[in-house]
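Engineer: Contents of entry_39.pdb (PDB, C-alpha atoms and all ligand atoms) are below:
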```
MODEL        1
ATOM      1  CA  MET O  11      -5.641 -33.102  -4.510  1.00  0.00           C
ATOM      2  CA  ILE O  12      -8.618 -30.798  -4.044  1.00  0.00           C
ATOM      3  CA  LYS O  13      -6.188 -27.941  -3.610  1.00  0.00           C
ATOM      4  CA  ALA O  14      -4.425 -28.790  -6.868  1.00  0.00           C
ATOM      5  CA  VAL O  15      -7.741 -28.901  -8.737  1.00  0.00           C
ATOM      6  CA  LEU O  16      -8.774 -25.628  -7.176  1.00  0.00           C
ATOM      7  CA  SER O  17      -5.604 -23.791  -8.087  1.00  0.00           C
ATOM      8  CA  PHE O  18      -5.880 -25.172 -11.601  1.00  0.00           C
ATOM      9  CA  ALA O  19      -9.416 -23.802 -11.766  1.00  0.00           C
ATOM     10  CA  ILE O  20      -8.180 -20.434 -10.537  1.00  0.00           C
ATOM     11  CA  ALA O  21      -5.425 -20.455 -13.137  1.00  0.00           C
ATOM     12  CA  LEU O  22      -7.980 -21.167 -15.855  1.00  0.00           C
ATOM     13  CA  CYS O  23     -10.156 -18.447 -14.447  1.00  0.00           C
ATOM     14  CA  GLY O  24      -7.276 -16.018 -14.768  1.00  0.00           C
ATOM     15  CA  LEU O  25      -6.816 -16.979 -18.403  1.00  0.00           C
ATOM     16  CA  ALA O  26     -10.519 -16.567 -19.057  1.00  0.00           C
ATOM     17  CA  ILE O  27     -10.499 -12.942 -17.981  1.00  0.00           C
ATOM     18  CA  PRO O  28      -8.163 -11.000 -20.245  1.00  0.00           C
ATOM     19  CA  ALA O  29      -9.535  -7.652 -19.076  1.00  0.00           C
ATOM     20  CA  MET O  30      -7.109  -7.472 -16.192  1.00  0.00           C
ATOM     21  CA  ALA O  31      -4.450  -4.906 -15.447  1.00  0.00           C
ATOM     22  CA  GLU O  32      -0.990  -5.733 -16.769  1.00  0.00           C
ATOM     23  CA  GLU O  33       1.823  -6.356 -14.357  1.00  0.00           C
ATOM     24  CA  ASP O  34       3.988  -3.505 -15.610  1.00  0.00           C
ATOM     25  CA  ALA O  35       1.125  -1.047 -15.304  1.00  0.00           C
ATOM     26  CA  LEU O  36       0.979  -1.538 -11.539  1.00  0.00           C
ATOM     27  CA  MET O  37       3.469   0.610  -9.702  1.00  0.00           C
ATOM     28  CA  VAL O  38       4.193   0.831  -6.015  1.00  0.00           C
ATOM     29  CA  HIS O  39       5.722   4.046  -4.685  1.00  0.00           C
ATOM     30  CA  ASP O  40       6.916   5.302  -1.321  1.00  0.00           C
ATOM     31  CA  ALA O  41       6.442   2.080   0.624  1.00  0.00           C
ATOM     32  CA  TRP O  42       7.369   2.306   4.301  1.00  0.00           C
ATOM     33  CA  ALA O  43       6.635   0.382   7.446  1.00  0.00           C
ATOM     34  CA  LYS O  44       6.126   1.023  11.117  1.00  0.00           C
ATOM     35  CA  VAL O  45       7.122  -1.795  13.407  1.00  0.00           C
ATOM     36  CA  SER O  46       6.267  -2.269  17.048  1.00  0.00           C
ATOM     37  CA  PHE O  47       7.705  -5.368  18.682  1.00  0.00           C
ATOM     38  CA  LYS O  48       6.499  -8.321  16.556  1.00  0.00           C
ATOM     39  CA  ASN O  49       3.856  -6.536  14.529  1.00  0.00           C
ATOM     40  CA  GLY O  50       3.934  -3.826  11.920  1.00  0.00           C
ATOM     41  CA  ALA O  51       1.936  -1.747   9.497  1.00  0.00           C
ATOM     42  CA  VAL O  52       2.940  -1.056   5.907  1.00  0.00           C
ATOM     43  CA  TYR O  53       1.933   1.971   3.858  1.00  0.00           C
ATOM     44  CA  MET O  54       2.451   2.776   0.194  1.00  0.00           C
ATOM     45  CA  ASN O  55       0.944   4.284  -2.919  1.00  0.00           C
ATOM     46  CA  ILE O  56      -0.292   1.828  -5.516  1.00  0.00           C
ATOM     47  CA  HIS O  57      -0.726   3.293  -8.963  1.00  0.00           C
ATOM     48  CA  ASN O  58      -2.585   1.514 -11.716  1.00  0.00           C
ATOM     49  CA  GLY O  59      -1.431   2.957 -15.024  1.00  0.00           C
ATOM     50  CA  ASP O  60      -3.590   0.568 -17.010  1.00  0.00           C
ATOM     51  CA  THR O  61      -6.992   1.121 -18.555  1.00  0.00           C
ATOM     52  CA  LYS O  62      -8.211  -1.955 -16.670  1.00  0.00           C
ATOM     53  CA  ALA O  63      -8.999  -2.236 -12.986  1.00  0.00           C
ATOM     54  CA  ALA O  64      -6.697  -4.103 -10.636  1.00  0.00           C
ATOM     55  CA  LYS O  65      -7.309  -5.634  -7.249  1.00  0.00           C
ATOM     56  CA  LEU O  66      -4.915  -6.298  -4.407  1.00  0.00           C
ATOM     57  CA  LEU O  67      -6.060  -9.628  -3.030  1.00  0.00           C
ATOM     58  CA  LYS O  68      -3.570 -10.174  -0.235  1.00  0.00           C
ATOM     59  CA  ALA O  69      -0.004  -9.732   0.865  1.00  0.00           C
ATOM     60  CA  SER O  70       2.546 -12.092   2.343  1.00  0.00           C
ATOM     61  CA  SER O  71       5.953 -11.957   3.951  1.00  0.00           C
ATOM     62  CA  PRO O  72       8.455 -14.760   4.522  1.00  0.00           C
ATOM     63  CA  ILE O  73       9.266 -13.336   7.953  1.00  0.00           C
ATOM     64  CA  ALA O  74       5.712 -12.785   9.226  1.00  0.00           C
ATOM     65  CA  LYS O  75       3.252 -15.340  10.564  1.00  0.00           C
ATOM     66  CA  ARG O  76       0.278 -13.511   9.102  1.00  0.00           C
ATOM     67  CA  VAL O  77      -0.308 -10.560   6.787  1.00  0.00           C
ATOM     68  CA  GLU O  78      -3.668  -8.833   6.393  1.00  0.00           C
ATOM     69  CA  VAL O  79      -5.007  -5.968   4.306  1.00  0.00           C
ATOM     70  CA  HIS O  80      -6.923  -3.566   6.548  1.00  0.00           C
ATOM     71  CA  GLU O  81      -9.188  -0.594   6.270  1.00  0.00           C
ATOM     72  CA  VAL O  82      -9.957   1.940   8.961  1.00  0.00           C
ATOM     73  CA  THR O  83     -13.535   2.980   9.539  1.00  0.00           C
ATOM     74  CA  GLU O  84     -14.828   5.726  11.780  1.00  0.00           C
ATOM     75  CA  THR O  85     -18.076   5.476  13.710  1.00  0.00           C
ATOM     76  CA  ASP O  86     -18.983   8.368  16.013  1.00  0.00           C
ATOM     77  CA  GLY O  87     -15.378   9.431  16.307  1.00  0.00           C
ATOM     78  CA  VAL O  88     -14.154   5.936  17.105  1.00  0.00           C
ATOM     79  CA  PHE O  89     -11.635   4.521  14.661  1.00  0.00           C
ATOM     80  CA  LYS O  90     -11.651   0.804  14.074  1.00  0.00           C
ATOM     81  CA  MET O  91      -9.583  -1.278  11.720  1.00  0.00           C
ATOM     82  CA  GLN O  92     -10.714  -4.451  10.079  1.00  0.00           C
ATOM     83  CA  GLN O  93      -9.515  -6.885   7.488  1.00  0.00           C
ATOM     84  CA  ILE O  94     -10.837  -6.498   3.944  1.00  0.00           C
ATOM     85  CA  ASN O  95     -11.020  -9.162   1.260  1.00  0.00           C
ATOM     86  CA  GLY O  96      -9.429  -7.070  -1.417  1.00  0.00           C
ATOM     87  CA  LEU O  97      -8.530  -3.547  -2.343  1.00  0.00           C
ATOM     88  CA  ASP O  98      -9.659  -2.240  -5.714  1.00  0.00           C
ATOM     89  CA  ILE O  99      -7.187  -0.140  -7.650  1.00  0.00           C
ATOM     90  CA  PRO O 100      -9.337   1.512 -10.350  1.00  0.00           C
ATOM     91  CA  ALA O 101      -7.928   1.988 -13.827  1.00  0.00           C
ATOM     92  CA  GLY O 102      -5.669   5.002 -14.080  1.00  0.00           C
ATOM     93  CA  GLU O 103      -5.897   5.779 -10.378  1.00  0.00           C
ATOM     94  CA  MET O 104      -3.682   5.700  -7.330  1.00  0.00           C
ATOM     95  CA  VAL O 105      -4.776   4.217  -4.025  1.00  0.00           C
ATOM     96  CA  VAL O 106      -2.956   5.506  -0.977  1.00  0.00           C
ATOM     97  CA  LEU O 107      -2.257   3.260   1.979  1.00  0.00           C
ATOM     98  CA  LYS O 108      -1.574   5.518   4.931  1.00  0.00           C
ATOM     99  CA  PRO O 109      -1.990   5.786   8.701  1.00  0.00           C
ATOM    100  CA  ASN O 110      -5.719   5.929   9.568  1.00  0.00           C
ATOM    101  CA  GLY O 111      -6.517   4.636   6.086  1.00  0.00           C
ATOM    102  CA  TYR O 112      -5.895   1.460   4.179  1.00  0.00           C
ATOM    103  CA  HIS O 113      -2.813  -0.397   5.340  1.00  0.00           C
ATOM    104  CA  ILE O 114      -1.196  -3.791   5.398  1.00  0.00           C
ATOM    105  CA  MET O 115      -0.619  -5.382   8.794  1.00  0.00           C
ATOM    106  CA  VAL O 116       2.106  -7.895   9.484  1.00  0.00           C
ATOM    107  CA  PHE O 117       1.805 -10.079  12.562  1.00  0.00           C
ATOM    108  CA  GLY O 118       4.314 -12.294  14.312  1.00  0.00           C
ATOM    109  CA  LEU O 119       7.574 -11.087  12.812  1.00  0.00           C
ATOM    110  CA  GLN O 120      10.323 -13.660  13.223  1.00  0.00           C
ATOM    111  CA  ASN O 121      13.039 -11.148  13.850  1.00  0.00           C
ATOM    112  CA  MET O 122      12.886  -7.762  15.477  1.00  0.00           C
ATOM    113  CA  LEU O 123      13.189  -5.099  12.811  1.00  0.00           C
ATOM    114  CA  LYS O 124      14.863  -1.794  13.524  1.00  0.00           C
ATOM    115  CA  VAL O 125      14.530   1.543  11.775  1.00  0.00           C
ATOM    116  CA  GLY O 126      16.361   1.261   8.459  1.00  0.00           C
ATOM    117  CA  ASP O 127      15.810  -2.486   8.139  1.00  0.00           C
ATOM    118  CA  GLU O 128      13.879  -3.885   5.213  1.00  0.00           C
ATOM    119  CA  LEU O 129      10.723  -5.928   5.461  1.00  0.00           C
ATOM    120  CA  PRO O 130      10.244  -8.297   2.536  1.00  0.00           C
ATOM    121  CA  LEU O 131       6.652  -8.132   1.351  1.00  0.00           C
ATOM    122  CA  THR O 132       4.866  -9.642  -1.637  1.00  0.00           C
ATOM    123  CA  LEU O 133       1.666  -8.109  -2.964  1.00  0.00           C
ATOM    124  CA  HIS O 134      -0.691 -10.529  -4.678  1.00  0.00           C
ATOM    125  CA  PHE O 135      -2.994  -8.968  -7.245  1.00  0.00           C
ATOM    126  CA  GLU O 136      -5.830 -10.460  -9.207  1.00  0.00           C
ATOM    127  CA  GLY O 137      -4.672 -12.284 -12.317  1.00  0.00           C
ATOM    128  CA  GLY O 138      -1.654 -13.832 -10.606  1.00  0.00           C
ATOM    129  CA  ILE O 139       0.315 -10.592 -10.603  1.00  0.00           C
ATOM    130  CA  GLN O 140       2.842 -10.367  -7.799  1.00  0.00           C
ATOM    131  CA  LYS O 141       4.964  -7.473  -6.668  1.00  0.00           C
ATOM    132  CA  GLN O 142       7.963  -8.081  -4.442  1.00  0.00           C
ATOM    133  CA  LEU O 143       8.894  -5.220  -2.186  1.00  0.00           C
ATOM    134  CA  ALA O 144      11.631  -4.506   0.310  1.00  0.00           C
ATOM    135  CA  VAL O 145       9.880  -2.059   2.596  1.00  0.00           C
ATOM    136  CA  GLU O 146      12.048   0.224   4.677  1.00  0.00           C
ATOM    137  CA  VAL O 147      11.213   0.490   8.357  1.00  0.00           C
ATOM    138  CA  LYS O 148      10.766   4.112   9.376  1.00  0.00           C
ATOM    139  CA  PRO O 149      10.523   5.706  12.809  1.00  0.00           C
ATOM    140  CA  ILE O 150       7.137   5.271  14.480  1.00  0.00           C
ATOM    141  CA  ASP O 151       6.312   8.975  14.075  1.00  0.00           C
ATOM    142  CA  HIS O 152       7.222   9.068  10.380  1.00  0.00           C
ATOM    143  CA  LYS O 153       4.718  10.864   8.184  1.00  0.00           C
ATOM    144  CA  ALA O 154       3.772   9.692   4.724  1.00  0.00           C
ATOM    145  CA  THR O 155       5.667  11.450   1.995  1.00  0.00           C
ATOM    146  CA  HIS O 156       3.699  13.485  -0.461  1.00  0.00           C
ATOM    147  CA  LYS O 157       5.277  13.448  -3.855  1.00  0.00           C
ATOM    148  CA  HIS O 158       2.660  15.732  -5.370  1.00  0.00           C
ATOM    149  CA  ALA O 159       4.576  18.843  -4.517  1.00  0.00           C
ATOM    150  CA  HIS O 160       2.447  21.553  -2.989  1.00  0.00           C
ATOM    151  CA  ASP O 161       4.155  24.831  -3.549  1.00  0.00           C
ATOM    152  CA  HIS O 162       4.439  26.239  -0.054  1.00  0.00           C
ATOM    153  CA  ASP O 163       7.235  28.499  -1.133  1.00  0.00           C
ATOM    154  CA  HIS O 164       5.096  31.416  -2.209  1.00  0.00           C
ATOM    155  CA  GLU O 165       7.360  34.305  -3.015  1.00  0.00           C
ATOM    156  CA  THR O 166       5.921  37.336  -1.342  1.00  0.00           C
ATOM    157  CA  PRO O 167       5.880  40.099  -3.877  1.00  0.00           C
ATOM    158  CA  ASN O 168       7.782  43.129  -2.815  1.00  0.00           C
ATOM    159  CA  ASN O 169       5.021  45.532  -1.872  1.00  0.00           C
ATOM    160  CA  HIS O 170       7.126  47.646   0.415  1.00  0.00           C
ATOM    161  CA  GLN O 171       7.104  50.592  -1.834  1.00  0.00           C
ATOM    162  CA  GLY O 172       5.583  53.932  -1.736  1.00  0.00           C
ATOM    163  CA  HIS O 173       5.556  54.462   2.018  1.00  0.00           C
ATOM    164  CA  GLY O 174       5.814  58.163   1.571  1.00  0.00           C
ATOM    165  CA  HIS O 175       7.138  59.701   4.756  1.00  0.00           C
TER     166      HIS O 175
HETATM  167 CU    CU U   1      -4.608  -2.774  10.855  1.00  0.00          CU
ENDMDL
END
```
Can you turn what I pasted into structure tokens?
Ligand SMILES: [Cu+2]

Structural biologist:
Amino acid sequence: MIKAVLSFAIALCGLAIPAMAEEDALMVHDAWAKVSFKNGAVYMNIHNGDTKAAKLLKASSPIAKRVEVHEVTETDGVFKMQQINGLDIPAGEMVVLKPNGYHIMVFGLQNMLKVGDELPLTLHFEGGIQKQLAVEVKPIDHKATHKHAHDHDHETPNNHQGHGH
């Protein structure tokens, strides 16, 4: 009963705050997961194309016992990860979840996932917005993909002229 009242209050709360990012303005790119035995970490880019801020509150998966949003902090060269209560996605910005940065941890996977398998994951944003993902499991040494193409293919101008012998 209390729970029902509470969720009703939250629903009202959501209605009372119209200044929230729209569902379609939130885009998730390049999601991938690393899995080790029954636990895994999920990385992705979350882009907020709206003029209003968004917030990732939590994530869930039907095949995991527990899912947590984590940040990694460094103190004197020691990296530690800890759960955070929410991840702000500022208006018009992209937040990158990557190894040694923000990530989503899944604990107690029901079935062993192999490379190439998909991990069902739901992102829960403020305002009742949900995003359902099927996150591909990548090899443990996979590096995040960078879509912002750096041009490493610098054409060397042909300067081999004028060597007068
Ligand atoms: Cu973690």

Engineer: Using all atoms listed in the file, which of the listed residues (O:Trp42, O:Gly59, O:Gln92, O:Gly50) sits closest to O:Val105?

Structural biologist: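 Closest to O:Val105 of all the choices is O:Gly59.
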
Engineer: From the set O:His80, O:Lys141, O:Lys108, O:Lys124, which residue has the shortest atom-to-atom contact distance to ligand CU 1 (chain U), counting all atoms listed in the file?

Structural biologist: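 Looking at the shortest contact to ligand CU 1 (chain U), the residue is O:His80.
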
Engineer: Enter the distance from atom CA of O:Ile114 to atom CA of O:Lys62, in Å, rounded to one decimal.

Structural biologist: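 Distance between the two atoms: 23.2 Å.
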
Engineer: I want to know what sits within 8 Å of O:Leu129, based on only C-alpha atoms, with residues of the same chain fewer than 6 positions away left out; could you give that as a ChimeraX atom specification?

Structural biologist: /O:43,71,73,123,143-147

Engineer: Just checking: using all atoms listed in the file, which residue out of O:Leu107, O:Ile56, O:Ile150, O:Ala31 ends up closest to ligand CU 1 (chain U)?

Structural biologist: O:Leu107

Engineer: Hey, what comes out of the PyMOL selection byres (((not hetatm)) within 12 of (chain U and resi 1)) on this file? Could you write it as JSON, numbers by chain?

Structural biologist: {"O": [44, 49, 50, 51, 52, 53, 76, 77, 78, 79, 80, 81, 82, 83, 89, 90, 91, 92, 93, 94, 107, 108, 109, 110, 111, 112, 113, 114, 115, 116, 117]}

Engineer: Of the residues O:His134, O:Pro72, O:Leu66, O:Val106, which is the one nearest to O:Met54, using only C-alpha atoms?

Structural biologist: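 Using only C-alpha atoms, the shortest distance to O:Met54 belongs to O:Val106.
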
Engineer: Separation of atom CA of O:Thr132 and atom CA of O:Asn95, in Å?

Structural biologist: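 Taking atom CA of O:Thr132 and atom CA of O:Asn95, their separation equals 16.2 Å.
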
Engineer: Have a look at atom CA of O:Lys68 and atom CA of O:Met104 and let me know their distance in Å, one decimal.

Structural biologist: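 Separating atom CA of O:Lys68 from atom CA of O:Met104 is a distance of 17.4 Å.
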
Engineer: Which residues are near O:Glu33? Cut-off 9 Å, only C-alpha atoms, ignore same chain within fewer than 4 positions. Put them as a PyMOL selection string.

Structural biologist: chain O and resi 37+135+139-141

Engineer: Counting all atoms listed in the file, which residue out of O:Met122, O:Val45, O:Val88, O:Ile99 sits closest to O:Asn58?

Structural biologist: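 Checking each candidate against O:Asn58, we get O:Ile99 as the closest.
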
Engineer: So, counting all atoms listed in the file, which residue among O:His39, O:Phe47, O:Gly138, O:Ala64 is closest to O:Val125?

Structural biologist: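 Answer, going by the shortest atom-to-atom distance: O:Phe47.
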